[in-house]
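For reference, final-v8.txt is printed below; it contains compact mmCIF, C-alpha atoms.
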# COMPACT_ATOMS: atom_id res chain seq x y z
CA MET A 1 75.68 114.43 139.32
CA LYS A 2 79.24 113.24 139.77
CA HIS A 3 78.67 110.61 137.07
CA ASN A 4 77.60 113.33 134.62
CA TYR A 5 80.75 115.35 135.33
CA ASP A 6 82.88 112.22 134.82
CA SER A 7 81.12 111.51 131.53
CA LYS A 8 81.66 115.09 130.30
CA GLY A 9 85.32 114.93 131.32
CA VAL A 10 85.86 111.73 129.33
CA LYS A 11 84.19 113.28 126.28
CA ILE A 12 86.35 116.41 126.52
CA ILE A 13 89.51 114.26 126.68
CA GLN A 14 88.29 112.24 123.71
CA TYR A 15 87.67 115.40 121.67
CA ILE A 16 91.11 116.78 122.58
CA ILE A 17 92.75 113.53 121.44
CA LEU A 18 90.72 113.52 118.21
CA VAL A 19 91.59 117.16 117.46
CA PHE A 20 95.28 116.47 118.16
CA PHE A 21 95.42 113.55 115.74
CA ALA A 22 93.35 115.45 113.16
CA LEU A 23 95.88 118.30 113.25
CA LEU A 24 98.70 115.78 113.09
CA MET A 25 97.20 114.24 109.93
CA PHE A 26 96.42 117.63 108.40
CA PHE A 27 99.86 119.17 108.96
CA PRO A 28 101.66 117.41 106.02
CA ILE A 29 98.95 118.68 103.65
CA PHE A 30 99.29 122.19 105.06
CA TRP A 31 103.09 122.01 104.76
CA ILE A 32 102.90 120.96 101.10
CA PHE A 33 100.48 123.81 100.44
CA SER A 34 102.75 126.27 102.24
CA ASN A 35 105.82 125.17 100.28
CA SER A 36 103.89 125.36 97.03
CA LEU A 37 103.55 129.11 97.59
CA LYS A 38 107.26 129.75 98.20
CA THR A 39 110.13 130.62 95.91
CA LEU A 40 112.78 127.97 95.26
CA ASN A 41 115.13 129.73 97.69
CA GLY A 42 112.32 130.06 100.21
CA ILE A 43 112.00 126.27 100.36
CA SER A 44 115.53 125.92 101.79
CA GLN A 45 115.28 128.94 104.08
CA PHE A 46 116.19 128.33 107.73
CA PRO A 47 114.37 128.72 109.99
CA PRO A 48 111.51 127.83 107.65
CA GLU A 49 108.45 130.02 107.32
CA ILE A 50 105.25 128.32 108.43
CA PHE A 51 103.43 130.29 105.76
CA PRO A 52 105.20 132.52 103.20
CA SER A 53 104.90 136.25 103.76
CA ASN A 54 104.74 136.78 100.00
CA PRO A 55 102.72 133.84 98.55
CA GLN A 56 103.72 132.89 95.00
CA TRP A 57 100.30 131.98 93.59
CA GLN A 58 101.80 132.07 90.10
CA ASN A 59 103.52 128.77 90.92
CA TYR A 60 100.25 127.01 90.08
CA ILE A 61 100.04 128.76 86.72
CA GLU A 62 103.69 127.91 86.08
CA VAL A 63 102.98 124.24 86.79
CA LEU A 64 100.37 124.16 84.02
CA GLN A 65 102.63 126.08 81.63
CA LYS A 66 105.92 124.23 82.23
CA SER A 67 104.58 120.69 82.40
CA ASP A 68 102.30 118.56 80.27
CA ALA A 69 99.87 118.48 83.20
CA LEU A 70 96.68 118.32 81.12
CA ASN A 71 97.95 115.30 79.18
CA TYR A 72 99.04 113.63 82.44
CA LEU A 73 95.57 114.38 83.83
CA LYS A 74 93.91 112.76 80.82
CA ASN A 75 96.04 109.62 81.18
CA SER A 76 95.30 109.36 84.91
CA ALA A 77 91.58 109.76 84.17
CA ILE A 78 91.75 106.89 81.65
CA LEU A 79 93.39 104.63 84.24
CA VAL A 80 90.93 105.63 86.97
CA VAL A 81 87.79 105.19 84.86
CA GLY A 82 88.95 101.97 83.15
CA ASN A 83 90.00 100.27 86.38
CA THR A 84 87.03 101.46 88.40
CA VAL A 85 84.53 100.19 85.81
CA GLY A 86 86.40 96.89 85.47
CA THR A 87 86.62 96.43 89.23
CA LEU A 88 82.96 97.17 89.91
CA VAL A 89 81.67 94.90 87.14
CA SER A 90 83.98 91.92 87.68
CA SER A 91 84.15 91.92 91.49
CA SER A 92 80.39 92.28 91.96
CA LEU A 93 79.63 89.53 89.42
CA VAL A 94 82.07 87.15 91.11
CA ALA A 95 80.75 87.97 94.59
CA TYR A 96 77.07 87.63 93.69
CA PRO A 97 76.93 83.81 93.28
CA LEU A 98 79.29 83.34 96.23
CA ALA A 99 76.87 85.25 98.46
CA ARG A 100 73.41 84.50 97.02
CA MET A 101 73.54 81.04 95.41
CA GLU A 102 73.92 77.59 96.90
CA PHE A 103 76.28 75.27 95.00
CA LYS A 104 78.86 72.63 95.82
CA GLY A 105 82.35 73.96 96.50
CA ARG A 106 81.26 77.54 97.12
CA GLY A 107 83.24 77.80 100.35
CA VAL A 108 86.34 76.25 98.76
CA ILE A 109 86.25 78.71 95.86
CA PHE A 110 85.90 81.64 98.22
CA GLY A 111 88.77 80.27 100.32
CA PHE A 112 91.02 80.14 97.24
CA ILE A 113 90.06 83.73 96.38
CA LEU A 114 90.99 84.88 99.89
CA ALA A 115 94.24 82.90 99.75
CA THR A 116 95.39 84.87 96.71
CA MET A 117 95.30 88.01 98.89
CA MET A 118 98.31 86.61 100.75
CA VAL A 119 100.50 86.58 97.64
CA PRO A 120 102.76 89.69 97.65
CA THR A 121 102.04 91.86 94.63
CA VAL A 122 105.73 92.39 93.94
CA THR A 123 106.20 88.65 93.23
CA LEU A 124 103.79 88.93 90.28
CA VAL A 125 105.59 91.78 88.52
CA ILE A 126 108.07 89.71 86.47
CA PRO A 127 105.51 87.08 85.31
CA GLN A 128 103.08 89.84 84.39
CA PHE A 129 105.75 91.79 82.55
CA LEU A 130 106.76 88.73 80.50
CA LEU A 131 103.12 87.87 79.77
CA PHE A 132 102.18 91.36 78.65
CA ARG A 133 105.35 91.65 76.59
CA SER A 134 104.38 88.49 74.73
CA PHE A 135 100.97 90.09 74.05
CA GLY A 136 102.64 93.26 72.74
CA TRP A 137 100.90 95.34 75.40
CA LEU A 138 103.93 97.13 76.88
CA ASP A 139 103.90 100.92 76.74
CA SER A 140 100.11 101.03 76.75
CA PHE A 141 97.30 101.19 79.30
CA LEU A 142 96.23 97.57 78.67
CA PRO A 143 98.54 95.90 81.28
CA MET A 144 96.99 98.10 83.96
CA ILE A 145 93.32 98.13 82.91
CA VAL A 146 92.63 94.61 81.59
CA PRO A 147 93.49 92.77 84.89
CA SER A 148 90.80 94.77 86.72
CA PHE A 149 88.16 92.99 84.62
CA PHE A 150 89.17 89.71 86.29
CA ALA A 151 88.20 90.80 89.84
CA PHE A 152 90.46 91.70 92.74
CA PRO A 153 90.11 89.37 95.78
CA TYR A 154 89.70 92.11 98.39
CA ASN A 155 86.90 93.77 96.43
CA VAL A 156 85.20 90.39 95.95
CA PHE A 157 85.35 89.94 99.72
CA LEU A 158 83.76 93.36 100.34
CA PHE A 159 80.97 92.76 97.82
CA ARG A 160 80.24 89.25 99.12
CA GLN A 161 80.02 90.40 102.73
CA PHE A 162 77.63 93.20 101.81
CA PHE A 163 75.46 90.99 99.59
CA MET A 164 75.10 88.52 102.46
CA THR A 165 73.44 91.20 104.61
CA ILE A 166 70.54 91.52 102.14
CA PRO A 167 67.65 89.12 103.02
CA LYS A 168 67.42 86.22 100.58
CA SER A 169 63.64 86.47 100.62
CA ILE A 170 64.07 89.42 98.24
CA ASP A 171 65.65 87.12 95.65
CA GLU A 172 62.84 84.59 96.02
CA SER A 173 60.17 87.27 95.61
CA ALA A 174 61.85 88.65 92.50
CA MET A 175 62.16 85.18 90.94
CA LEU A 176 58.47 84.49 91.64
CA ASP A 177 57.76 87.66 89.65
CA GLY A 178 59.63 86.15 86.70
CA CYS A 179 63.14 87.59 87.13
CA SER A 180 66.15 85.52 86.10
CA LYS A 181 69.26 85.28 88.29
CA ILE A 182 71.01 88.04 86.35
CA GLN A 183 67.90 90.25 86.52
CA VAL A 184 67.74 89.74 90.28
CA PHE A 185 71.31 91.00 90.43
CA THR A 186 70.92 93.99 88.11
CA LYS A 187 67.42 95.12 89.13
CA VAL A 188 67.22 94.16 92.81
CA ILE A 189 70.58 93.48 94.47
CA ALA A 190 72.70 96.12 92.72
CA PRO A 191 70.37 99.05 93.61
CA LEU A 192 70.24 97.88 97.25
CA ALA A 193 74.04 97.57 97.31
CA LYS A 194 74.69 101.19 96.33
CA PRO A 195 76.92 101.89 99.40
CA ILE A 196 79.35 99.07 98.62
CA PHE A 197 79.49 99.98 94.92
CA ILE A 198 80.40 103.54 95.90
CA THR A 199 82.90 102.32 98.51
CA VAL A 200 84.75 100.00 96.13
CA GLY A 201 84.57 102.55 93.33
CA VAL A 202 86.09 105.31 95.47
CA LEU A 203 88.84 103.03 96.83
CA SER A 204 89.70 101.91 93.30
CA ALA A 205 89.67 105.45 91.93
CA ILE A 206 91.94 106.81 94.66
CA PHE A 207 94.32 103.86 94.34
CA TRP A 208 94.75 104.34 90.59
CA TRP A 209 94.93 108.12 90.89
CA ASN A 210 97.94 107.71 93.20
CA GLU A 211 99.48 104.59 91.61
CA LEU A 212 103.12 104.97 90.60
CA PHE A 213 104.62 101.48 90.58
CA GLN A 214 102.73 99.92 87.66
CA PRO A 215 103.01 102.93 85.32
CA LEU A 216 106.73 102.98 86.12
CA ILE A 217 106.98 99.34 84.97
CA PHE A 218 104.73 99.39 81.90
CA ILE A 219 104.86 102.97 80.53
CA ASP A 220 107.81 104.48 78.60
CA SER A 221 106.28 107.07 76.28
CA GLU A 222 106.00 110.62 77.59
CA ASN A 223 102.51 111.07 76.11
CA LEU A 224 101.18 108.06 78.09
CA LYS A 225 102.48 109.03 81.53
CA PRO A 226 99.89 109.61 84.28
CA LEU A 227 100.19 112.40 86.84
CA THR A 228 102.24 110.35 89.32
CA LEU A 229 104.85 109.41 86.72
CA GLY A 230 104.91 112.80 85.03
CA ALA A 231 105.55 114.54 88.34
CA LEU A 232 108.86 112.68 88.76
CA THR A 233 110.53 114.40 85.82
CA ALA A 234 108.43 117.50 85.14
CA PHE A 235 110.34 120.02 87.24
CA LYS A 236 114.03 119.20 86.91
CA LEU A 237 116.23 122.29 86.79
CA GLU A 238 118.88 122.78 84.15
CA GLY A 239 122.43 122.22 85.36
CA GLY A 240 124.93 119.64 86.46
CA GLN A 241 123.36 118.91 89.83
CA ASN A 242 120.00 117.98 88.28
CA GLN A 243 118.08 119.72 91.06
CA THR A 244 114.30 119.74 91.38
CA ALA A 245 112.13 122.86 91.57
CA TRP A 246 110.51 121.73 94.81
CA ASN A 247 108.13 124.66 95.01
CA LEU A 248 106.61 123.66 91.65
CA GLN A 249 106.70 120.01 92.70
CA MET A 250 104.66 120.86 95.78
CA ALA A 251 102.18 122.88 93.72
CA PHE A 252 101.81 119.88 91.42
CA ALA A 253 101.24 117.64 94.45
CA MET A 254 98.48 119.95 95.72
CA ILE A 255 96.77 119.89 92.32
CA MET A 256 96.93 116.07 92.41
CA ALA A 257 95.47 115.97 95.92
CA ILE A 258 92.36 118.03 95.12
CA PRO A 259 90.29 115.40 93.19
CA PRO A 260 90.66 112.62 95.83
CA MET A 261 89.74 115.06 98.60
CA ILE A 262 86.63 116.22 96.74
CA LEU A 263 85.70 112.61 95.96
CA TYR A 264 86.05 111.61 99.59
CA MET A 265 84.00 114.58 100.81
CA PHE A 266 81.03 113.62 98.65
CA ALA A 267 81.31 109.86 99.22
CA SER A 268 82.35 109.70 102.91
CA ARG A 269 78.86 108.80 104.16
CA HIS A 270 78.58 105.87 101.73
CA LEU A 271 82.15 104.79 102.47
CA VAL A 272 81.41 104.37 106.16
CA ALA A 273 78.13 102.56 105.47
CA GLY A 274 79.69 100.25 102.89
CA ILE A 275 82.70 99.20 104.97
CA LYS A 276 80.70 98.88 108.20
CA THR A 277 77.99 96.72 106.63
CA SER A 278 80.54 94.54 104.81
CA GLY A 279 81.75 93.29 108.17
CA MET A 280 78.31 91.92 109.12
CA LYS A 281 76.93 88.46 108.48
CA ASP A 282 73.45 87.35 107.48
Reformat the file's structure so that it appears as structure tokens.
Amino acid sequence: MKHNYDSKGVKIIQYIILVFFALLMFFPIFWIFSNSLKTLNGISQFPPEIFPSNPQWQNYIEVLQKSDALNYLKNSAILVVGNTVGTLVSSSLVAYPLARMEFKGRGVIFGFILATMMVPTVTLVIPQFLLFRSFGWLDSFLPMIVPSFFAFPYNVFLFRQFFMTIPKSIDESAMLDGCSKIQVFTKVIAPLAKPIFITVGVLSAIFWWNELFQPLIFIDSENLKPLTLGALTAFKLEGGQNQTAWNLQMAFAMIMAIPPMILYMFASRHLVAGIKTSGMKD
């Protein structure tokens, strides 16, 4: 009986700790939402209101009216879709032979792919900029979308690890039925690997939805800016101090946060399955 009480006590403590950290993670989102419903003067009020007594819901309407939010949304969608498709196709195709086929040098190739993960991304910016400038690709989406069709090492690693958990007898059975290697991949392996496709797709989509650095480097035209870049300059106030309308900025941030949250809610089960299984070995 004492053991049961001890076990319940440990569980209660665990739940208290989990709730505490959940509230800690949720508070910044709540604070952004709260500030998005305040007036500009209300933002700087001291002591601050936890939640405004007179919520300014019209801030969200003002965001859509005063900024080119719909155009920014379209540009972000182009980057998300283009990079997600490129990542899924290229990374899965590179990982498939590394996981399912036997050939000389397979381990060495995979080792080189993993080694490239150790190269800091910032060191590649200048070479990439010079290369894309020579192609005439600057101020377009091409410098950000085309590289995704050449596979990212981390995604290749995730796909390979997941593919290795699928019994190889399935490949042999499919080939006895007359399937080619590519048909085994498209008709057998890919359907079984749905969790890792969803996992990599969601991670890629969220990354490019929130990406600021690359658009800041490669995009100049106002009509090509994604949401992250457009938000930097959309709500500057007139005047010498060049102040920002932080209440509108916060409303814009909440609008930006909604799609990733919805995406995660629907894909969370597959995300857990995909990442967990990718850590296993055959």
List the spatial neighbours of A:Trp246 as a VMD selection string - criterion: any atom at most 10 Å away, all atoms listed in the file, same-chain residues fewer than 6 positions off excluded. chain A and resid 32 35 to 36 38 to 41 43 to 44 235 to 237 252
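When only C-alpha atoms are used to compute distances to A:Ser91, the closest of the residues A:Asn155, A:Gln214, A:Ser180, A:Gln14 turns out to be A:Asn155.
Here atom CA of A:Ile255 and atom CA of A:Leu227 stand 9.9 Å from one another.
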At a cut-off of 9 Å, using all atoms listed in the file, what residues contact A:Leu212? Leave out same-chain residues fewer than 3 positions from it and give the result as a compact mmCIF listing (two decimals) with C-alpha atoms, keeping the file's coordinate frame.
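Output file around.txt follows:
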# COMPACT_ATOMS: atom_id res chain seq x y z
CA TRP A 208 94.75 104.34 90.59
CA TRP A 209 94.93 108.12 90.89
CA PRO A 215 103.01 102.93 85.32
CA LEU A 216 106.73 102.98 86.12
CA ILE A 217 106.98 99.34 84.97
CA PRO A 226 99.89 109.61 84.28
CA LEU A 227 100.19 112.40 86.84
CA THR A 228 102.24 110.35 89.32
CA LEU A 229 104.85 109.41 86.72
Atom CA of A:Gly201 and atom CA of A:Gly136 are how many Å apart? 28.9 Å
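Using all atoms listed in the file for every distance, the candidate list A:Val10, A:Leu73, A:Ala22, A:Ile16 yields A:Leu73 as the residue closest to A:Asn223.
Between atom CA of A:Lys181 and atom CA of A:Phe103 there is a distance of 13.9 Å.
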Listing only residues of stretch 56-113 of chain A within 12 Å of stretch 139-146 of chain A, what is the closest atom pair and its distance in Å (to one decimal) for each, using only C-alpha atoms, sorted by chain and residue number ascending, as CSV?
residue,atom,partner,partner_atom,distance
A:Asn75,CA,A:Phe141,CA,8.7
A:Ser76,CA,A:Phe141,CA,10.1
A:Ala77,CA,A:Phe141,CA,11.4
A:Ile78,CA,A:Phe141,CA,8.3
A:Leu79,CA,A:Ile145,CA,6.6
A:Val80,CA,A:Ile145,CA,8.9
A:Val81,CA,A:Ile145,CA,9.2
A:Gly82,CA,A:Ile145,CA,5.8
A:Asn83,CA,A:Ile145,CA,5.3
A:Thr84,CA,A:Ile145,CA,9.0
A:Val85,CA,A:Ile145,CA,9.5
A:Gly86,CA,A:Ile145,CA,7.5
A:Thr87,CA,A:Ile145,CA,9.4
A:Ser90,CA,A:Val146,CA,10.9
For stretch 114-122 of chain A, please output as a ChimeraX atom specification all residues within 9 Å (counting all atoms listed in the file; exclusion window: fewer than 4 positions along the same chain). /A:109-110,126,152-154,156-157
Using only C-alpha atoms, which protein or nucleic acid residues come within 12 Å of A:Lys168? Drop anything in the same chain fewer than 3 positions from it, and give the result as an mmCIF file with C-alpha atoms, in the frame of the given file.
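out-v8.cif, written as the output of this step:
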data_model
loop_
_atom_site.group_PDB
_atom_site.id
_atom_site.type_symbol
_atom_site.label_atom_id
_atom_site.label_comp_id
_atom_site.auth_asym_id
_atom_site.auth_seq_id
_atom_site.Cartn_x
_atom_site.Cartn_y
_atom_site.Cartn_z
ATOM 1 C CA TYR A 96 77.070 87.630 93.690
ATOM 2 C CA ALA A 99 76.870 85.250 98.460
ATOM 3 C CA ARG A 100 73.410 84.500 97.020
ATOM 4 C CA MET A 101 73.540 81.040 95.410
ATOM 5 C CA GLU A 102 73.920 77.590 96.900
ATOM 6 C CA PHE A 163 75.460 90.990 99.590
ATOM 7 C CA MET A 164 75.100 88.520 102.460
ATOM 8 C CA THR A 165 73.440 91.200 104.610
ATOM 9 C CA ASP A 171 65.650 87.120 95.650
ATOM 10 C CA GLU A 172 62.840 84.590 96.020
ATOM 11 C CA SER A 173 60.170 87.270 95.610
ATOM 12 C CA ALA A 174 61.850 88.650 92.500
ATOM 13 C CA MET A 175 62.160 85.180 90.940
ATOM 14 C CA VAL A 184 67.740 89.740 90.280
ATOM 15 C CA PHE A 185 71.310 91.000 90.430
ATOM 16 C CA VAL A 188 67.220 94.160 92.810
ATOM 17 C CA ILE A 189 70.580 93.480 94.470
ATOM 18 C CA ASP A 282 73.450 87.350 107.480
#
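With only C-alpha atoms taken into account, the protein and nucleic acid residues at most 10 Å from A:Ile29 (excluding it and anything under 5 positions from it in its own chain) are Leu24, Ser34, Met250, Ala253, Met254 and Ala257 of chain A.
Between A:Gly42 and the residues A:Phe162, A:Val63, A:Trp137, A:Ala245, the shortest atom-to-atom distance, using all atoms listed in the file, involves A:Ala245.
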Nearest to A:Leu263 among A:Val19, A:Leu224, A:Leu192, A:Ile198, with distances taken over all atoms listed in the file: which residue is it? A:Ile198
